[in-house]
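**Student:** File name upload-v5.cif; file contents mmCIF, C-alpha atoms; full text below.
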data_start
#
loop_
_atom_site.label_atom_id
_atom_site.label_comp_id
_atom_site.auth_asym_id
_atom_site.auth_seq_id
_atom_site.Cartn_x
_atom_site.Cartn_y
_atom_site.Cartn_z
CA MET L 18 -27.06 -21.49 11.24
CA LYS L 19 -24.32 -19.33 12.68
CA LYS L 20 -21.91 -22.17 12.24
CA THR L 21 -22.71 -22.64 8.55
CA LYS L 22 -22.28 -18.94 7.97
CA PHE L 23 -18.90 -19.04 9.63
CA LEU L 24 -17.98 -22.05 7.51
CA THR L 25 -19.02 -20.27 4.34
CA ILE L 26 -16.87 -17.31 5.19
CA ALA L 27 -13.95 -19.58 5.99
CA ALA L 28 -14.43 -21.40 2.71
CA CYS L 29 -14.55 -18.13 0.79
CA MET L 30 -11.36 -17.00 2.41
CA ALA L 31 -9.73 -20.30 1.61
CA LEU L 32 -10.86 -19.83 -1.99
CA ALA L 33 -9.60 -16.28 -2.14
CA PHE L 34 -6.23 -17.57 -1.14
CA GLY L 35 -6.78 -20.76 -3.09
CA ALA L 36 -3.67 -20.44 -5.17
CA SER L 37 -1.45 -19.99 -2.17
CA ALA L 38 -3.25 -22.70 -0.23
CA VAL L 39 -2.49 -25.05 -3.09
CA ALA L 40 1.07 -23.78 -3.20
CA GLY L 41 1.57 -24.93 0.38
CA ASP L 42 2.21 -23.72 3.90
CA LYS L 43 5.76 -22.62 3.24
CA THR L 44 4.69 -20.40 0.36
CA ASP L 45 1.90 -19.04 2.52
CA ALA L 46 4.35 -18.10 5.24
CA ILE L 47 6.67 -16.32 2.79
CA LEU L 48 3.72 -14.43 1.30
CA LYS L 49 2.63 -13.30 4.74
CA GLU L 50 6.12 -12.08 5.51
CA ALA L 51 6.41 -10.28 2.18
CA MET L 52 3.24 -8.34 2.92
CA LYS L 53 4.92 -6.85 5.97
CA VAL L 54 7.99 -5.58 4.11
CA ASP L 55 8.21 -1.83 3.56
CA VAL L 56 9.93 -1.92 0.18
CA ALA L 57 10.98 1.72 0.15
CA LYS L 58 12.86 1.31 3.42
CA THR L 59 14.07 -2.26 3.20
CA CYS L 60 15.39 -1.97 -0.35
CA ASP L 61 17.03 1.44 0.04
CA PRO L 62 20.80 1.12 -0.59
CA GLN L 63 21.40 4.29 1.48
CA LYS L 64 19.88 2.57 4.52
CA ASN L 65 20.98 -1.02 4.02
CA SER L 66 24.04 -2.72 2.60
CA VAL L 67 23.97 -4.22 -0.86
CA THR L 68 24.55 -7.65 0.68
CA LYS L 69 21.45 -7.16 2.77
CA LEU L 70 19.36 -6.12 -0.22
CA LEU L 71 20.50 -9.21 -2.06
CA ALA L 72 19.61 -11.40 0.89
CA VAL L 73 16.08 -10.00 0.82
CA ALA L 74 15.85 -10.59 -2.94
CA LYS L 75 17.10 -14.16 -2.55
CA LYS L 76 14.65 -14.84 0.20
CA TYR L 77 11.55 -13.82 -1.77
CA ASN L 78 12.30 -14.28 -5.44
CA PRO L 79 12.20 -18.10 -5.56
CA THR L 80 8.57 -17.91 -4.43
CA ALA L 81 7.81 -15.38 -7.17
CA VAL L 82 9.36 -17.77 -9.69
CA LYS L 83 7.35 -20.65 -8.30
CA LEU L 84 4.09 -18.70 -8.54
CA GLY L 85 4.90 -17.53 -12.07
CA VAL L 86 5.02 -13.84 -11.18
CA GLU L 87 8.72 -13.06 -11.42
CA PHE L 88 9.46 -9.56 -12.73
CA LYS L 89 11.34 -8.84 -15.90
CA ARG L 90 12.63 -5.38 -16.72
CA LEU L 91 14.99 -4.11 -19.39
CA GLY L 92 15.13 -7.67 -20.65
CA MET L 93 16.35 -9.07 -17.33
CA THR L 94 14.54 -11.20 -14.77
CA THR L 95 14.93 -10.67 -11.05
CA THR L 96 16.97 -13.88 -10.95
CA GLN L 97 19.40 -12.33 -13.41
CA TYR L 98 19.59 -9.07 -11.45
CA ILE L 99 20.51 -11.11 -8.38
CA GLN L 100 23.10 -13.23 -10.19
CA GLU L 101 24.75 -10.35 -11.99
CA THR L 102 24.94 -8.23 -8.84
CA GLN L 103 26.57 -11.12 -6.99
CA LYS L 104 29.09 -11.52 -9.78
CA ALA L 105 29.92 -7.80 -9.63
CA LEU L 106 30.41 -7.97 -5.86
CA LYS L 107 32.73 -10.93 -6.20
CA ALA L 108 34.75 -9.12 -8.85
CA LYS L 109 34.79 -6.03 -6.60
CA SER L 110 33.22 -4.06 -9.43
CA LYS L 111 31.10 -0.97 -8.82
CA THR L 112 28.92 -1.66 -11.86
CA VAL L 113 26.66 -4.43 -13.10
CA THR L 114 26.58 -5.26 -16.81
CA LEU L 115 23.07 -5.70 -18.17
CA LEU L 116 22.30 -8.81 -20.22
CA ASP L 117 20.38 -9.12 -23.47
CA LYS L 118 17.47 -11.48 -24.01
CA ASN L 119 19.82 -14.37 -24.71
CA GLY L 120 21.71 -13.80 -21.47
CA LYS L 121 24.71 -12.26 -23.24
CA PRO L 122 26.35 -9.14 -21.74
CA THR L 123 25.43 -5.84 -23.40
CA ASP L 124 27.38 -2.60 -23.28
CA LYS L 125 24.92 -1.11 -20.79
CA LYS L 126 26.00 -0.83 -17.18
CA VAL L 127 24.22 0.24 -13.98
CA SER L 128 25.64 0.78 -10.49
CA VAL L 129 25.72 -2.12 -8.04
CA ASP L 130 23.45 -0.16 -5.70
CA TYR L 131 20.88 0.31 -8.41
CA ALA L 132 20.89 -3.35 -9.48
CA ALA L 133 20.62 -4.57 -5.88
CA GLU L 134 17.78 -2.17 -5.17
CA ARG L 135 15.93 -3.46 -8.21
CA ALA L 136 16.47 -7.10 -7.27
CA CYS L 137 15.18 -6.41 -3.77
CA LYS L 138 12.15 -4.37 -4.80
CA PHE L 139 11.21 -6.69 -7.64
CA ALA L 140 11.30 -9.80 -5.48
CA VAL L 141 9.11 -8.36 -2.74
CA ARG L 142 6.71 -6.42 -4.92
CA ALA L 143 5.98 -9.43 -7.12
CA LEU L 144 4.66 -11.25 -4.05
CA GLN L 145 2.77 -8.25 -2.71
CA GLU L 146 1.05 -7.80 -6.06
CA TYR L 147 0.24 -11.50 -6.12
CA VAL L 148 -1.46 -11.39 -2.73
CA ASP L 149 -3.31 -8.15 -3.54
CA ALA L 150 -4.55 -9.60 -6.82
CA GLN L 151 -6.27 -12.49 -5.01
CA THR L 152 -8.90 -10.01 -3.88
CA THR L 153 -8.62 -7.08 -6.29
CA TYR L 154 -8.93 -8.97 -9.57
CA LYS L 155 -12.70 -9.20 -9.27
CA LEU L 156 -13.00 -5.43 -9.01
CA ALA L 157 -11.96 -5.17 -12.66
CA ILE L 158 -14.53 -7.62 -14.02
CA PRO L 159 -17.64 -6.15 -15.67
CA GLY L 160 -20.64 -7.94 -14.21
CA GLU L 161 -18.79 -8.54 -10.94
CA GLY L 162 -16.91 -5.76 -9.16
CA TYR L 163 -16.52 -3.30 -12.02
CA LYS L 164 -19.23 -0.66 -12.37
CA TYR L 165 -19.41 1.79 -15.21
CA MET G 17 -34.68 -48.91 5.72
CA VAL G 18 -31.02 -48.10 5.43
CA THR G 19 -30.82 -49.30 1.85
CA ARG G 20 -33.84 -47.22 1.03
CA ALA G 21 -32.19 -44.14 2.47
CA LEU G 22 -29.05 -44.93 0.52
CA LYS G 23 -31.03 -45.38 -2.65
CA LEU G 24 -32.73 -42.06 -2.11
CA ALA G 25 -29.43 -40.39 -1.44
CA ALA G 26 -27.95 -41.91 -4.57
CA ILE G 27 -30.91 -40.81 -6.67
CA SER G 28 -30.77 -37.27 -5.35
CA ALA G 29 -27.01 -37.18 -5.89
CA ILE G 30 -27.45 -38.23 -9.49
CA ALA G 31 -30.25 -35.71 -9.88
CA THR G 32 -28.06 -32.91 -8.58
CA MET G 33 -25.24 -34.01 -10.80
CA SER G 34 -27.36 -33.97 -13.93
CA LEU G 35 -28.88 -30.70 -12.84
CA PHE G 36 -25.43 -29.17 -12.90
CA ALA G 37 -24.08 -31.06 -15.88
CA GLY G 38 -23.79 -28.78 -18.86
CA GLN G 39 -23.90 -25.79 -16.60
CA TYR G 40 -20.23 -25.56 -15.87
CA ASN G 41 -20.12 -22.67 -18.27
CA GLN G 42 -22.73 -20.68 -16.37
CA GLN G 43 -20.26 -18.22 -14.89
CA ALA G 44 -18.26 -18.04 -18.12
CA GLU G 45 -21.43 -17.23 -20.03
CA LYS G 46 -22.30 -14.54 -17.52
CA ASP G 47 -18.82 -13.07 -17.89
CA ARG G 48 -18.98 -13.12 -21.67
CA GLN G 49 -22.39 -11.44 -21.78
CA ALA G 50 -21.33 -8.77 -19.29
CA LEU G 51 -18.24 -8.00 -21.37
CA ILE G 52 -20.22 -7.77 -24.59
CA LYS G 53 -22.64 -5.41 -22.88
CA TYR G 54 -19.77 -3.27 -21.63
CA PHE G 55 -18.01 -3.05 -25.00
CA VAL G 56 -21.20 -2.34 -26.92
CA ALA G 57 -22.06 0.43 -24.44
CA LYS G 58 -18.58 1.83 -24.90
CA PHE G 59 -18.22 1.62 -28.68
CA SER G 60 -21.77 1.98 -30.01
CA ASP G 61 -21.55 5.75 -29.80
CA PRO G 62 -18.21 7.00 -28.46
CA VAL G 63 -19.17 10.66 -28.94
CA LYS G 64 -22.46 10.42 -27.08
CA ASN G 65 -21.00 8.24 -24.32
CA ALA G 66 -17.77 10.17 -24.02
CA ALA G 67 -18.37 11.27 -20.43
CA ARG G 68 -18.68 7.65 -19.34
CA PHE G 69 -15.97 6.01 -21.39
CA PHE G 70 -13.63 8.56 -22.96
CA PRO G 71 -13.59 11.49 -20.54
CA TYR G 72 -10.10 12.61 -21.56
CA THR G 73 -10.49 12.42 -25.32
CA PRO G 74 -11.54 15.66 -27.04
CA THR G 75 -14.91 15.38 -28.80
CA GLU G 76 -13.34 16.42 -32.09
CA GLU G 77 -10.94 13.51 -31.89
CA LEU G 78 -13.73 11.07 -31.05
CA LYS G 79 -15.72 12.30 -34.05
CA LYS G 80 -12.79 12.18 -36.40
CA ASN G 81 -11.08 8.95 -35.35
CA TYR G 82 -13.79 6.65 -34.03
CA ARG G 83 -16.28 4.55 -35.91
CA PRO G 84 -19.37 3.41 -33.95
CA VAL G 85 -19.62 -0.37 -33.42
CA LYS G 86 -23.07 -1.65 -32.59
CA ASP G 87 -22.73 -5.34 -33.47
CA TRP G 88 -20.32 -7.09 -31.10
CA HIS G 89 -19.29 -9.61 -33.78
CA GLU G 90 -17.32 -6.79 -35.35
CA PHE G 91 -14.91 -6.79 -32.42
CA ALA G 92 -13.28 -9.79 -34.09
CA LYS G 93 -11.39 -7.16 -36.07
CA GLY G 94 -9.90 -5.77 -32.88
CA VAL G 95 -8.67 -2.21 -33.19
CA TYR G 96 -9.85 -2.11 -36.81
CA SER G 97 -13.46 -2.37 -35.69
CA PHE G 98 -13.50 1.13 -34.19
CA ALA G 99 -10.37 3.08 -35.19
CA LYS G 100 -11.02 4.74 -38.55
CA GLY G 101 -7.46 5.41 -39.71
CA PRO G 102 -5.99 2.00 -38.86
CA ARG G 103 -9.12 0.36 -40.32
CA GLN G 104 -8.52 2.06 -43.64
CA GLN G 105 -4.89 0.95 -43.70
CA TYR G 106 -5.96 -2.57 -42.81
CA LEU G 107 -8.53 -2.75 -45.59
CA GLU G 108 -5.87 -1.73 -48.08
CA LEU G 109 -3.41 -4.23 -46.69
CA ILE G 110 -5.66 -7.25 -46.99
CA GLU G 111 -6.25 -6.65 -50.67
CA MET G 112 -2.99 -8.54 -51.02
CA PRO G 113 -2.76 -10.55 -47.80
CA PRO G 114 0.87 -11.10 -46.78
CA TYR G 115 0.02 -14.51 -45.28
CA GLU G 116 -1.16 -16.28 -48.42
CA ASP G 117 2.07 -18.16 -49.02
CA ASP G 118 2.07 -19.23 -45.40
CA VAL G 119 -1.33 -20.86 -45.82
CA ASP G 120 -0.01 -22.79 -48.83
CA ASP G 121 3.13 -23.78 -46.92
CA GLY G 122 0.89 -24.88 -44.06
CA GLU G 123 -1.12 -27.13 -46.33
CA GLU G 124 2.04 -28.70 -47.66
CA LEU G 125 3.38 -29.26 -44.15
CA TYR G 126 0.06 -30.79 -43.18
CA ASN G 127 0.30 -33.26 -46.04
CA SER G 128 3.97 -34.07 -45.63
CA THR G 129 4.48 -34.15 -41.85
CA LYS G 130 4.18 -37.57 -40.29
CA GLY G 131 1.13 -37.88 -38.05
CA LEU G 132 -0.69 -34.62 -38.73
CA LYS G 133 -3.34 -36.20 -40.94
CA GLU G 134 -4.11 -38.86 -38.35
CA CYS G 135 -4.20 -36.39 -35.48
CA PHE G 136 -6.22 -33.76 -37.34
CA PRO G 137 -8.28 -35.55 -39.99
CA LYS G 138 -10.42 -32.45 -40.60
CA PRO G 139 -8.33 -29.26 -40.73
CA ALA G 140 -11.34 -26.93 -40.49
CA GLU G 141 -12.52 -28.77 -37.37
CA ALA G 142 -9.09 -28.64 -35.76
CA ALA G 143 -9.18 -24.84 -35.73
CA VAL G 144 -12.32 -24.80 -33.58
CA GLU G 145 -11.74 -27.97 -31.58
CA TYR G 146 -8.99 -26.28 -29.57
CA PRO G 147 -8.40 -25.04 -26.97
CA LYS G 148 -10.25 -27.84 -25.25
CA TYR G 149 -10.35 -29.27 -21.81
CA ASP G 150 -9.06 -32.80 -22.11
CA THR G 151 -11.05 -34.73 -19.51
CA LYS G 152 -8.62 -37.67 -19.61
CA LYS G 153 -5.46 -35.62 -19.24
CA HIS G 154 -7.19 -33.28 -16.80
CA GLU G 155 -5.83 -30.17 -18.48
CA VAL G 156 -6.41 -27.60 -21.18
CA VAL G 157 -4.88 -28.54 -24.53
CA THR G 158 -4.19 -25.70 -26.94
CA LEU G 159 -3.89 -26.13 -30.70
CA THR G 160 -0.18 -25.31 -30.60
CA MET G 161 0.34 -27.97 -27.94
CA ALA G 162 -1.78 -30.54 -29.77
CA ILE G 163 0.20 -30.07 -32.99
CA ASN G 164 3.50 -30.34 -31.16
CA ASP G 165 2.41 -33.43 -29.22
CA CYS G 166 1.35 -35.01 -32.49
CA VAL G 167 4.61 -34.25 -34.28
CA VAL G 168 6.65 -35.60 -31.38
CA LYS G 169 4.48 -38.69 -30.98
CA HIS G 170 5.20 -39.55 -34.60
CA GLY G 171 8.94 -39.34 -34.13
CA GLY G 172 9.54 -35.72 -35.07
CA LYS G 173 11.42 -33.06 -33.14
CA PRO G 174 9.25 -30.46 -31.37
CA TRP G 175 8.50 -27.35 -33.41
CA ASN G 176 9.05 -23.77 -32.29
CA PRO G 177 5.75 -22.88 -30.56
CA TYR G 178 5.92 -19.22 -31.57
CA LYS G 179 6.50 -19.13 -35.32
CA GLY G 180 7.52 -21.05 -38.41
CA LYS G 181 6.03 -24.45 -39.17
CA ILE G 182 3.48 -24.49 -36.38
CA ALA G 183 2.17 -21.04 -37.29
CA LYS G 184 1.90 -22.11 -40.92
CA VAL G 185 -0.06 -25.27 -40.14
CA GLU G 186 -2.33 -23.23 -37.87
CA ALA G 187 -2.79 -20.72 -40.69
CA TYR G 188 -3.92 -23.52 -42.97
CA PHE G 189 -6.35 -24.84 -40.35
CA ALA G 190 -7.74 -21.35 -39.71
CA ALA G 191 -8.16 -20.60 -43.42
CA GLN G 192 -10.04 -23.87 -43.87
CA ALA G 193 -12.26 -23.04 -40.90
CA ARG G 194 -12.94 -19.54 -42.19
CA ASP G 195 -13.92 -20.88 -45.61
CA ALA G 196 -16.26 -23.35 -43.92
CA GLY G 197 -17.84 -20.59 -41.81
CA LYS G 198 -16.83 -22.20 -38.52
CA VAL G 199 -17.80 -20.48 -35.30
CA ILE G 200 -15.72 -20.48 -32.11
CA ASN G 201 -17.38 -22.64 -29.53
CA VAL G 202 -15.14 -23.37 -26.55
CA LYS G 203 -16.73 -25.81 -24.11
CA ILE G 204 -16.45 -26.19 -20.37
CA PRO G 205 -17.32 -29.86 -19.82
CA ASN G 206 -16.86 -30.34 -16.07
CA ALA G 207 -15.95 -28.74 -12.77
CA GLU G 208 -12.21 -29.15 -13.38
CA ALA G 209 -12.54 -27.32 -16.68
CA GLU G 210 -14.46 -24.57 -14.95
CA LYS G 211 -11.57 -24.25 -12.52
CA ALA G 212 -9.13 -23.92 -15.42
CA TYR G 213 -11.36 -21.22 -16.91
CA GLU G 214 -11.47 -19.34 -13.61
CA HIS G 215 -7.71 -19.65 -13.32
CA GLY G 216 -7.24 -18.12 -16.76
CA LYS G 217 -9.70 -15.38 -15.91
CA LYS G 218 -7.86 -14.58 -12.71
CA TYR G 219 -4.61 -14.40 -14.65
CA TYR G 220 -6.19 -11.92 -17.04
CA PHE G 221 -7.61 -9.61 -14.40
CA SER G 222 -4.67 -9.72 -11.97
CA GLN G 223 -2.28 -6.81 -11.86
CA ARG G 224 1.27 -8.00 -12.31
CA GLY G 225 4.83 -7.16 -13.15
CA TYR G 226 6.99 -4.10 -12.84
CA ILE G 227 4.19 -1.95 -14.29
CA ASP G 228 1.66 -3.46 -11.86
CA ILE G 229 -1.00 -3.59 -14.53
CA SER G 230 -3.48 -6.25 -15.69
CA CYS G 231 -4.46 -7.34 -19.18
CA ALA G 232 -7.85 -5.81 -18.41
CA ASN G 233 -6.34 -2.40 -17.64
CA CYS G 234 -5.41 -2.26 -21.31
CA HIS G 235 -7.98 -4.49 -23.03
CA VAL G 236 -11.16 -3.92 -20.96
CA GLN G 237 -11.13 -0.57 -19.15
CA GLY G 238 -8.42 0.64 -21.54
CA ALA G 239 -9.94 -0.72 -24.76
CA GLY G 240 -10.37 2.05 -27.32
CA LYS G 241 -7.79 4.25 -25.66
CA ARG G 242 -4.33 4.82 -26.97
CA VAL G 243 -0.93 3.94 -25.61
CA ARG G 244 1.59 5.96 -27.53
CA ARG G 245 0.41 5.53 -31.13
CA ASP G 246 -1.49 2.28 -30.66
CA TYR G 247 -5.17 1.89 -29.98
CA LEU G 248 -6.10 -0.94 -27.62
CA SER G 249 -8.33 -3.81 -28.76
CA PRO G 250 -11.26 -5.14 -26.68
CA LEU G 251 -10.99 -8.54 -24.98
CA VAL G 252 -14.05 -9.88 -26.78
CA GLY G 253 -12.95 -11.11 -30.21
CA GLN G 254 -9.27 -10.87 -29.44
CA VAL G 255 -8.38 -14.40 -30.50
CA THR G 256 -10.62 -15.14 -33.49
CA HIS G 257 -7.90 -14.65 -36.05
CA PHE G 258 -4.67 -16.35 -35.02
CA PRO G 259 -2.05 -16.96 -36.21
CA VAL G 260 -1.40 -13.38 -37.29
CA TYR G 261 1.02 -11.81 -39.68
CA ARG G 262 2.31 -8.81 -37.77
CA LEU G 263 3.93 -6.01 -39.66
CA SER G 264 6.31 -5.49 -36.74
CA TRP G 265 7.36 -9.16 -36.89
CA GLU G 266 7.38 -9.22 -40.68
CA GLU G 267 6.12 -12.78 -40.40
CA LEU G 268 3.46 -15.05 -39.02
CA GLY G 269 3.28 -15.79 -35.29
CA THR G 270 1.11 -17.82 -32.93
CA LEU G 271 -1.16 -16.59 -30.16
CA GLU G 272 1.48 -17.72 -27.66
CA ARG G 273 3.94 -15.31 -29.26
CA ARG G 274 1.55 -12.38 -29.07
CA LEU G 275 0.73 -13.09 -25.43
CA LYS G 276 4.39 -13.43 -24.54
CA GLY G 277 4.91 -9.89 -25.85
CA CYS G 278 2.02 -8.41 -23.88
CA ILE G 279 3.12 -10.11 -20.66
CA LYS G 280 6.67 -8.83 -21.12
CA ASN G 281 5.21 -5.35 -21.48
CA GLN G 282 3.63 -5.78 -18.07
CA GLY G 283 7.17 -6.22 -16.75
CA GLN G 284 6.90 -9.90 -15.98
CA GLN G 285 8.71 -13.02 -17.09
CA PRO G 286 6.17 -14.64 -19.45
CA PRO G 287 4.99 -18.16 -18.67
CA LYS G 288 6.29 -21.00 -20.85
CA PRO G 289 4.13 -21.66 -23.94
CA PHE G 290 2.70 -24.94 -22.59
CA SER G 291 2.55 -23.97 -18.93
CA GLU G 292 -0.73 -24.12 -17.05
CA ASP G 293 -0.82 -20.32 -16.80
CA MET G 294 -0.49 -19.89 -20.57
CA ARG G 295 -2.94 -22.67 -21.48
CA ASP G 296 -5.59 -21.55 -19.02
CA LEU G 297 -5.20 -17.94 -20.14
CA ILE G 298 -5.79 -19.04 -23.74
CA TYR G 299 -8.80 -21.08 -22.62
CA PHE G 300 -10.35 -18.02 -20.98
CA LEU G 301 -9.51 -15.71 -23.90
CA SER G 302 -10.97 -18.16 -26.39
CA TYR G 303 -14.18 -18.57 -24.45
CA MET G 304 -14.57 -14.80 -24.59
CA SER G 305 -14.57 -15.09 -28.40
CA ASN G 306 -17.32 -17.73 -28.41
CA GLY G 307 -20.05 -17.13 -30.95
CA MET G 308 -17.72 -15.36 -33.36
CA LYS G 309 -16.57 -16.68 -36.70
CA VAL G 310 -13.03 -17.91 -37.20
CA ASP G 311 -11.29 -15.09 -38.99
CA GLY G 312 -7.73 -16.24 -39.36
CA PRO G 313 -5.10 -15.91 -40.39
CA ASP G 314 -5.13 -12.15 -40.35
CA VAL G 315 -2.88 -9.11 -40.36
CA ARG G 316 -2.10 -6.80 -37.46
CA LYS G 317 0.26 -3.92 -37.00
#
How does the structure come out when it is put into structure tokens?
**Tutor:**
Amino acid sequence: MKKTKFLTIAACMALAFGASAVAGDKTDAILKEAMKVDVAKTCDPQKNSVTKLLAVAKKYNPTAVKLGVEFKRLGMTTTQYIQETQKALKAKSKTVTLLDKNGKPTDKKVSVDYAAERACKFAVRALQEYVDAQTTYKLAIPGEGYKY
Amino acid sequence: MVTRALKLAAISAIATMSLFAGQYNQQAEKDRQALIKYFVAKFSDPVKNAARFFPYTPTEELKKNYRPVKDWHEFAKGVYSFAKGPRQQYLELIEMPPYEDDVDDGEELYNSTKGLKECFPKPAEAAVEYPKYDTKKHEVVTLTMAINDCVVKHGGKPWNPYKGKIAKVEAYFAAQARDAGKVINVKIPNAEAEKAYEHGKKYYFSQRGYIDISCANCHVQGAGKRVRRDYLSPLVGQVTHFPVYRLSWEELGTLERRLKGCIKNQGQQPPKPFSEDMRDLIYFLSYMSNGMKVDGPDVRK
């Protein structure tokens, strides 16, 4: 009896993380790591170098893309924030040119710090939201977790 | 002895299977009913139920701007079911529907495009046949995808899934279905299909993107409220009327186009039009409009 109960709980947990279980062990490991990141600290350009922020973004964003939860803000995806910030660094520029929806440069510019901070925060937060949603989504469903 | 046990096991397995067959929509039905109950509670008397559902809206505003909705079928009109001002504008607009030429164009495309007649012999049926779970392909097939697959299979180039020809053909199908009084009746034929439904549902209720908000934040808990100058439509009945002619687009667009816009507003890169995320989301949305009449094409702001 005890054993079946334990199994049921295990199965439920597996289901709750079903999407990530399907996605594979590697994805699971990245998700676990992402949950431990303190975004405010890790992605702060005052505390960490721009190169470091970009490294964080590059570590997590591919998983966000794979899971279909990549951020997009001001018409630019996290991938584009990463790419454009890298380009600016290479060109030793202090600013990043924002792109339009067709990937063409606009006349809007932001600082390299700002773009790197965004890339870093977006990449990590996308995964944190994804993991949170595995359990919180039911709380919004009338007839399940949502009471009114 | 052993064979007898096996036989018994086989019989009971079959019995269980048939017991569950046709019940793969049990959860979906429960969800749909619970949502209808919620929206009817919310909209049947906004003034009286203000404390529960509109605590931050002044009573005067509720009296002036909201129209009670008691019959859930009316939610097919979205915002125009409950918001008095926009409803009035809408009623004036559809006296001369801006999509009429599109329906005619759609009929012509249907007749002239190689393959469409074979793939969709009954236009009115096509509008309610999709989205469907294709048990052979093991995936949800949306109408937009089915039309495109058909065009390509018959040697054509794929059409833009958001607007233009595909939207026009869909407008023709919808108009035929509306004339024939067709009712939306999405089916969940097996366990795989149920999984696709659950996946779409999870997509809908998951917070996502830069804004960290779910579809439900706006279209369930937020339905009836306003963001800037727009009222928010309820989930139930949200997809009875596609394709739509949007005034902001100044043209007809598909459901995929509308969803792409909402997902972008959440601050997320929208899924591709034929991706699993998009198709399963449409499957879930469409099931939530089950029991309502096809009401497309239509006009929205």
**Student:** Which of these, L:Lys64, L:Lys107, L:Lys75, L:Lys53, has the shortest distance to Val148 in chain L once you count only C-alpha atoms?
**Tutor:** L:Lys53
**Student:** Please write the residues picked by the PyMOL selection byres ((chain G and resi 271) around 8) on this file as a list in words.
**Tutor:**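 When the PyMOL selection byres ((chain G and resi 271) around 8) is applied, the selected residues are Tyr178, Val255, Phe258, Pro259, Val260, Gly269, Thr270, Glu272, Arg273, Arg274 and Leu275 of chain G.
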**Student:** Generate the output file for the selected residues, C-alpha atoms, as a PDB file, in the coordinates of the input.
**Tutor:**
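Written out: again13.pdb:
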ATOM      1  CA  TYR G 178       5.920 -19.220 -31.570  1.00  0.00           C
ATOM      2  CA  VAL G 255      -8.380 -14.400 -30.500  1.00  0.00           C
ATOM      3  CA  PHE G 258      -4.670 -16.350 -35.020  1.00  0.00           C
ATOM      4  CA  PRO G 259      -2.050 -16.960 -36.210  1.00  0.00           C
ATOM      5  CA  VAL G 260      -1.400 -13.380 -37.290  1.00  0.00           C
ATOM      6  CA  GLY G 269       3.280 -15.790 -35.290  1.00  0.00           C
ATOM      7  CA  THR G 270       1.110 -17.820 -32.930  1.00  0.00           C
ATOM      8  CA  GLU G 272       1.480 -17.720 -27.660  1.00  0.00           C
ATOM      9  CA  ARG G 273       3.940 -15.310 -29.260  1.00  0.00           C
ATOM     10  CA  ARG G 274       1.550 -12.380 -29.070  1.00  0.00           C
ATOM     11  CA  LEU G 275       0.730 -13.090 -25.430  1.00  0.00           C
TER      12      LEU G 275
END
**Student:** Provide as a tab-separated table (two decimals) with C-alpha atoms, in the frame of the given file the residues of chain L at most 12 Å from chain G, counting all atoms listed in the file.
**Tutor:**
chain	number	residue	atom	x	y	z
L	32	LEU	CA	-10.86	-19.83	-1.99
L	33	ALA	CA	-9.60	-16.28	-2.14
L	35	GLY	CA	-6.78	-20.76	-3.09
L	36	ALA	CA	-3.67	-20.44	-5.17
L	81	ALA	CA	7.81	-15.38	-7.17
L	82	VAL	CA	9.36	-17.77	-9.69
L	83	LYS	CA	7.35	-20.65	-8.30
L	84	LEU	CA	4.09	-18.70	-8.54
L	85	GLY	CA	4.90	-17.53	-12.07
L	86	VAL	CA	5.02	-13.84	-11.18
L	87	GLU	CA	8.72	-13.06	-11.42
L	88	PHE	CA	9.46	-9.56	-12.73
L	89	LYS	CA	11.34	-8.84	-15.90
L	90	ARG	CA	12.63	-5.38	-16.72
L	91	LEU	CA	14.99	-4.11	-19.39
L	92	GLY	CA	15.13	-7.67	-20.65
L	93	MET	CA	16.35	-9.07	-17.33
L	94	THR	CA	14.54	-11.20	-14.77
L	95	THR	CA	14.93	-10.67	-11.05
L	96	THR	CA	16.97	-13.88	-10.95
L	97	GLN	CA	19.40	-12.33	-13.41
L	118	LYS	CA	17.47	-11.48	-24.01
L	135	ARG	CA	15.93	-3.46	-8.21
L	136	ALA	CA	16.47	-7.10	-7.27
L	138	LYS	CA	12.15	-4.37	-4.80
L	139	PHE	CA	11.21	-6.69	-7.64
L	140	ALA	CA	11.30	-9.80	-5.48
L	141	VAL	CA	9.11	-8.36	-2.74
L	142	ARG	CA	6.71	-6.42	-4.92
L	143	ALA	CA	5.98	-9.43	-7.12
L	144	LEU	CA	4.66	-11.25	-4.05
L	145	GLN	CA	2.77	-8.25	-2.71
L	146	GLU	CA	1.05	-7.80	-6.06
L	147	TYR	CA	0.24	-11.50	-6.12
L	148	VAL	CA	-1.46	-11.39	-2.73
L	149	ASP	CA	-3.31	-8.15	-3.54
L	150	ALA	CA	-4.55	-9.60	-6.82
L	151	GLN	CA	-6.27	-12.49	-5.01
L	152	THR	CA	-8.90	-10.01	-3.88
L	153	THR	CA	-8.62	-7.08	-6.29
L	154	TYR	CA	-8.93	-8.97	-9.57
L	155	LYS	CA	-12.70	-9.20	-9.27
L	156	LEU	CA	-13.00	-5.43	-9.01
L	157	ALA	CA	-11.96	-5.17	-12.66
L	158	ILE	CA	-14.53	-7.62	-14.02
L	159	PRO	CA	-17.64	-6.15	-15.67
L	160	GLY	CA	-20.64	-7.94	-14.21
L	161	GLU	CA	-18.79	-8.54	-10.94
L	162	GLY	CA	-16.91	-5.76	-9.16
L	163	TYR	CA	-16.52	-3.30	-12.02
L	164	LYS	CA	-19.23	-0.66	-12.37
L	165	TYR	CA	-19.41	1.79	-15.21
**Student:** Expressed in Å to a single decimal, how great is the separation between CA of Gly120 in chain L and CA of Ala74 in chain L?
**Tutor:**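 Atom-to-atom, CA of Gly120 in chain L and CA of Ala74 in chain L are spaced 19.7 Å apart.
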